[in-house]
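So this one's work.txt, compact mmCIF, N, CA and C atoms and all ligand atoms:
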```txt
# COMPACT_ATOMS: atom_id res chain seq x y z
N MET A 12 96.65 109.45 128.59
CA MET A 12 96.08 108.16 128.26
C MET A 12 95.80 108.09 126.77
N ALA A 13 96.24 107.03 126.17
CA ALA A 13 96.06 106.87 124.73
C ALA A 13 94.69 106.29 124.42
N LEU A 14 94.06 106.86 123.40
CA LEU A 14 92.85 106.28 122.85
C LEU A 14 93.27 105.32 121.75
N ASP A 15 92.35 104.64 121.13
CA ASP A 15 92.74 103.83 119.99
C ASP A 15 92.32 104.53 118.70
N GLY A 16 92.75 103.98 117.57
CA GLY A 16 92.54 104.61 116.29
C GLY A 16 91.09 104.75 115.87
N ASN A 17 90.20 104.07 116.53
CA ASN A 17 88.78 104.18 116.18
C ASN A 17 88.25 105.59 116.37
N VAL A 18 88.89 106.39 117.25
CA VAL A 18 88.45 107.75 117.51
C VAL A 18 88.58 108.63 116.25
N LEU A 19 89.38 108.19 115.28
CA LEU A 19 89.61 108.99 114.08
C LEU A 19 88.56 108.74 112.99
N ALA A 20 87.69 107.78 113.19
CA ALA A 20 86.71 107.43 112.15
C ALA A 20 85.88 108.64 111.75
N GLY A 21 85.40 109.42 112.70
CA GLY A 21 84.58 110.58 112.40
C GLY A 21 85.35 111.69 111.71
N PRO A 22 86.46 112.18 112.34
CA PRO A 22 87.19 113.29 111.74
C PRO A 22 87.74 113.01 110.35
N LEU A 23 88.14 111.77 110.09
CA LEU A 23 88.73 111.46 108.78
C LEU A 23 87.72 111.02 107.74
N ALA A 24 86.49 110.81 108.14
CA ALA A 24 85.49 110.32 107.20
C ALA A 24 85.28 111.28 106.04
N GLY A 25 85.33 112.59 106.30
CA GLY A 25 85.13 113.56 105.24
C GLY A 25 86.38 113.86 104.43
N THR A 26 87.54 113.43 104.92
CA THR A 26 88.80 113.73 104.27
C THR A 26 89.28 112.56 103.43
N TRP A 27 89.22 111.38 103.99
CA TRP A 27 89.68 110.19 103.29
C TRP A 27 88.50 109.29 103.01
N ALA A 28 88.51 108.69 101.85
CA ALA A 28 87.43 107.79 101.49
C ALA A 28 87.72 106.38 101.96
N VAL A 29 88.55 106.25 102.99
CA VAL A 29 88.82 104.93 103.54
C VAL A 29 88.29 104.89 104.96
N ASP A 30 87.93 103.70 105.39
CA ASP A 30 87.50 103.50 106.77
C ASP A 30 88.76 103.26 107.60
N VAL A 31 89.14 104.24 108.43
CA VAL A 31 90.40 104.11 109.16
C VAL A 31 90.37 103.01 110.21
N THR A 32 89.18 102.51 110.52
CA THR A 32 89.13 101.44 111.51
C THR A 32 89.61 100.12 110.91
N VAL A 33 89.60 100.02 109.57
CA VAL A 33 90.08 98.80 108.92
C VAL A 33 91.24 99.07 107.97
N ALA A 34 91.58 100.36 107.74
CA ALA A 34 92.69 100.69 106.85
C ALA A 34 94.01 100.23 107.48
N THR A 35 94.93 99.83 106.61
CA THR A 35 96.24 99.36 107.05
C THR A 35 97.29 100.40 106.67
N GLY A 36 98.26 100.61 107.56
CA GLY A 36 99.33 101.55 107.26
C GLY A 36 100.68 100.98 107.65
N ARG A 37 101.74 101.53 107.00
CA ARG A 37 103.11 101.09 107.30
C ARG A 37 103.86 102.22 107.96
N CYS A 38 104.41 101.97 109.13
CA CYS A 38 105.18 102.96 109.87
C CYS A 38 106.50 103.24 109.13
N ALA A 39 106.79 104.52 108.88
CA ALA A 39 108.03 104.88 108.20
C ALA A 39 109.23 104.69 109.11
N GLY A 40 109.00 104.65 110.41
CA GLY A 40 110.10 104.51 111.36
C GLY A 40 110.60 103.08 111.52
N CYS A 41 109.68 102.15 111.74
CA CYS A 41 110.09 100.78 112.04
C CYS A 41 109.60 99.75 111.02
N GLY A 42 108.72 100.17 110.11
CA GLY A 42 108.21 99.25 109.09
C GLY A 42 107.05 98.40 109.55
N ASP A 43 106.58 98.60 110.77
CA ASP A 43 105.44 97.82 111.26
C ASP A 43 104.22 98.10 110.38
N VAL A 44 103.53 97.06 110.00
CA VAL A 44 102.30 97.18 109.22
C VAL A 44 101.15 96.73 110.12
N ALA A 45 100.18 97.62 110.29
CA ALA A 45 99.06 97.31 111.18
C ALA A 45 97.85 98.12 110.77
N VAL A 46 96.69 97.68 111.23
CA VAL A 46 95.48 98.48 111.01
C VAL A 46 95.61 99.75 111.85
N LEU A 47 95.15 100.85 111.29
CA LEU A 47 95.28 102.14 111.99
C LEU A 47 94.51 102.15 113.31
N ALA A 48 93.50 101.31 113.41
CA ALA A 48 92.73 101.25 114.66
C ALA A 48 93.61 100.80 115.83
N ARG A 49 94.73 100.16 115.55
CA ARG A 49 95.64 99.72 116.62
C ARG A 49 96.58 100.83 117.08
N ALA A 50 96.66 101.90 116.33
CA ALA A 50 97.60 102.97 116.67
C ALA A 50 97.25 103.60 118.02
N ALA A 51 98.25 104.17 118.66
CA ALA A 51 98.05 104.90 119.92
C ALA A 51 97.73 106.35 119.58
N VAL A 52 96.56 106.80 119.98
CA VAL A 52 96.10 108.15 119.63
C VAL A 52 96.03 108.98 120.91
N PHE A 53 96.69 110.14 120.85
CA PHE A 53 96.73 111.02 122.01
C PHE A 53 95.96 112.30 121.71
N ASP A 54 95.02 112.60 122.59
CA ASP A 54 94.27 113.85 122.47
C ASP A 54 95.18 115.04 122.68
N HIS A 55 94.99 116.06 121.90
CA HIS A 55 95.75 117.30 122.02
C HIS A 55 94.74 118.41 121.83
N PRO A 56 94.92 119.56 122.47
CA PRO A 56 93.94 120.64 122.30
C PRO A 56 93.67 120.99 120.83
N MET A 57 94.63 120.77 119.96
CA MET A 57 94.44 121.12 118.54
C MET A 57 93.96 119.94 117.70
N GLY A 58 93.93 118.73 118.28
CA GLY A 58 93.52 117.58 117.50
C GLY A 58 94.03 116.29 118.12
N TRP A 59 94.67 115.44 117.28
CA TRP A 59 95.15 114.15 117.75
C TRP A 59 96.53 113.88 117.19
N VAL A 60 97.36 113.25 118.01
CA VAL A 60 98.67 112.77 117.59
C VAL A 60 98.59 111.25 117.58
N VAL A 61 98.89 110.65 116.42
CA VAL A 61 98.76 109.20 116.24
C VAL A 61 100.16 108.60 116.22
N ARG A 62 100.41 107.67 117.14
CA ARG A 62 101.74 107.07 117.26
C ARG A 62 101.70 105.58 116.99
N CYS A 63 102.80 105.07 116.47
CA CYS A 63 102.97 103.64 116.20
C CYS A 63 102.99 102.88 117.52
N ARG A 64 102.24 101.78 117.59
CA ARG A 64 102.25 100.97 118.80
C ARG A 64 103.57 100.21 118.96
N ALA A 65 104.28 99.99 117.86
CA ALA A 65 105.52 99.22 117.94
C ALA A 65 106.72 100.06 118.36
N CYS A 66 106.85 101.29 117.81
CA CYS A 66 108.06 102.08 118.09
C CYS A 66 107.75 103.46 118.67
N ALA A 67 106.50 103.85 118.74
CA ALA A 67 106.06 105.13 119.30
C ALA A 67 106.38 106.34 118.42
N ASP A 68 106.90 106.14 117.22
CA ASP A 68 107.08 107.27 116.31
C ASP A 68 105.71 107.86 115.93
N VAL A 69 105.71 109.14 115.59
CA VAL A 69 104.47 109.79 115.17
C VAL A 69 104.13 109.34 113.76
N LEU A 70 102.94 108.75 113.59
CA LEU A 70 102.48 108.33 112.27
C LEU A 70 101.79 109.48 111.56
N MET A 71 100.92 110.16 112.29
CA MET A 71 100.23 111.30 111.69
C MET A 71 99.68 112.21 112.78
N VAL A 72 99.38 113.43 112.35
CA VAL A 72 98.76 114.43 113.21
C VAL A 72 97.48 114.86 112.50
N VAL A 73 96.38 114.89 113.25
CA VAL A 73 95.08 115.25 112.70
C VAL A 73 94.58 116.49 113.45
N VAL A 74 94.29 117.54 112.72
CA VAL A 74 93.83 118.79 113.32
C VAL A 74 92.49 119.17 112.69
N GLU A 75 91.49 119.39 113.54
CA GLU A 75 90.20 119.88 113.06
C GLU A 75 90.22 121.39 113.07
N ARG A 76 89.94 122.00 111.92
CA ARG A 76 89.92 123.45 111.79
C ARG A 76 88.55 123.87 111.28
N PRO A 77 88.20 125.12 111.45
CA PRO A 77 86.89 125.58 110.96
C PRO A 77 86.70 125.34 109.47
N ASP A 78 87.80 125.36 108.71
CA ASP A 78 87.69 125.18 107.26
C ASP A 78 87.94 123.74 106.82
N GLY A 79 88.05 122.81 107.76
CA GLY A 79 88.23 121.41 107.40
C GLY A 79 89.22 120.70 108.31
N VAL A 80 89.53 119.48 107.94
CA VAL A 80 90.45 118.66 108.73
C VAL A 80 91.80 118.63 108.04
N LEU A 81 92.86 118.92 108.80
CA LEU A 81 94.23 118.89 108.28
C LEU A 81 94.90 117.61 108.76
N VAL A 82 95.46 116.83 107.82
CA VAL A 82 96.12 115.58 108.16
C VAL A 82 97.56 115.63 107.68
N ALA A 83 98.50 115.46 108.59
CA ALA A 83 99.91 115.33 108.25
C ALA A 83 100.30 113.89 108.53
N ALA A 84 100.70 113.15 107.50
CA ALA A 84 100.94 111.72 107.66
C ALA A 84 102.37 111.35 107.24
N ARG A 85 103.33 112.16 107.62
CA ARG A 85 104.72 111.92 107.23
C ARG A 85 105.29 110.63 107.82
N GLY A 86 104.69 110.15 108.89
CA GLY A 86 105.21 108.95 109.53
C GLY A 86 104.66 107.65 108.94
N LEU A 87 103.83 107.79 107.91
CA LEU A 87 103.28 106.60 107.26
C LEU A 87 103.87 106.47 105.86
N THR A 88 104.44 105.33 105.57
CA THR A 88 104.95 105.07 104.23
C THR A 88 103.78 104.95 103.25
N TRP A 89 102.73 104.28 103.70
CA TRP A 89 101.52 104.15 102.89
C TRP A 89 100.33 103.81 103.77
N VAL A 90 99.16 104.03 103.20
CA VAL A 90 97.89 103.63 103.83
C VAL A 90 97.08 102.90 102.79
N ARG A 91 96.54 101.77 103.17
CA ARG A 91 95.68 100.99 102.26
C ARG A 91 94.30 100.86 102.88
N GLY A 92 93.27 101.30 102.15
CA GLY A 92 91.91 101.26 102.67
C GLY A 92 91.25 99.93 102.48
ZN ZN A 101 106.83 102.12 114.16
```
Before we go any further, please render this structure as structure tokens.
Amino acid sequence: MALDGNVLAGPLAGTWAVDVTVATGRCAGCGDVAVLARAAVFDHPMGWVVRCRACADVLMVVVERPDGVLVAARGLTWVRG
């Protein structure tokens, strides 16, 4: 079951100085531009996998580690806070 992008507000608050509930991003796969809160977020034992609602490509992977939060955002062309 997919959560929505609002679940990322806490984990990303210390990493990015943008509010991900209102930040806009562009999918590198299909070009869809949407607020990240609309993304489909899937819980994973290591963190979260964030997928585009339009094409289901992976936008980013967020992993919480003891030494901080790791964010891989290869599926986003850009993010605007
Ligand atoms: Zn897409």
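The set of protein, DNA and RNA residues with any counted atom at most 6.5 Å from (94.1, 120.4, 113.2) (only N, CA and C atoms) reads Met57, Gly58, Trp59, Val73, Val74, Glu75, Arg76, Val80 and Leu81 of chain A.
For ligand ZN 101 (chain A), the protein and nucleic acid residues at most 5 Å away, judged by all atoms listed in the file, amount to Cys38, Gly40, Cys41, Gly42, Asp43, Cys63, Ala65, Cys66 and Ala67 of chain A.
Taking atom CA of A:Val60 as the reference point, atom CA of A:Ala45 is found at 16.7 Å.
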_strand (DSSP E) call set, DSSP backbone run, chain A, as a count of residues only_ = 37
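The protein and nucleic acid residues lying at most 6 Å from A:Trp89 are Thr35, Gly36, Arg37, Leu87 and Arg91 of chain A, with only N, CA and C atoms considered and sequence neighbours fewer than 2 positions away removed.
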*asked:* List the spatial neighbours of A:Ala51 as an MDAnalysis selection string - criterion: any atom at most 5 Å away, only N, CA and C atoms, same-chain residues fewer than 5 positions off excluded.
replied: chainID A and resid 61:62 64
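The coordinates place atom C of A:Ala39 at 22.1 Å from atom N of A:Ala20.
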*Got a sec: who's within 12 Å of A:Val90, counting only C-alpha atoms, leaving out chain neighbours fewer than 5 positions off, as number ranges by chain?*
A: 27-39, 44-47, 70-71, 84-85
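Between atom CA of A:Phe53 and atom N of A:Leu14 the interatomic distance comes to 5.1 Å.
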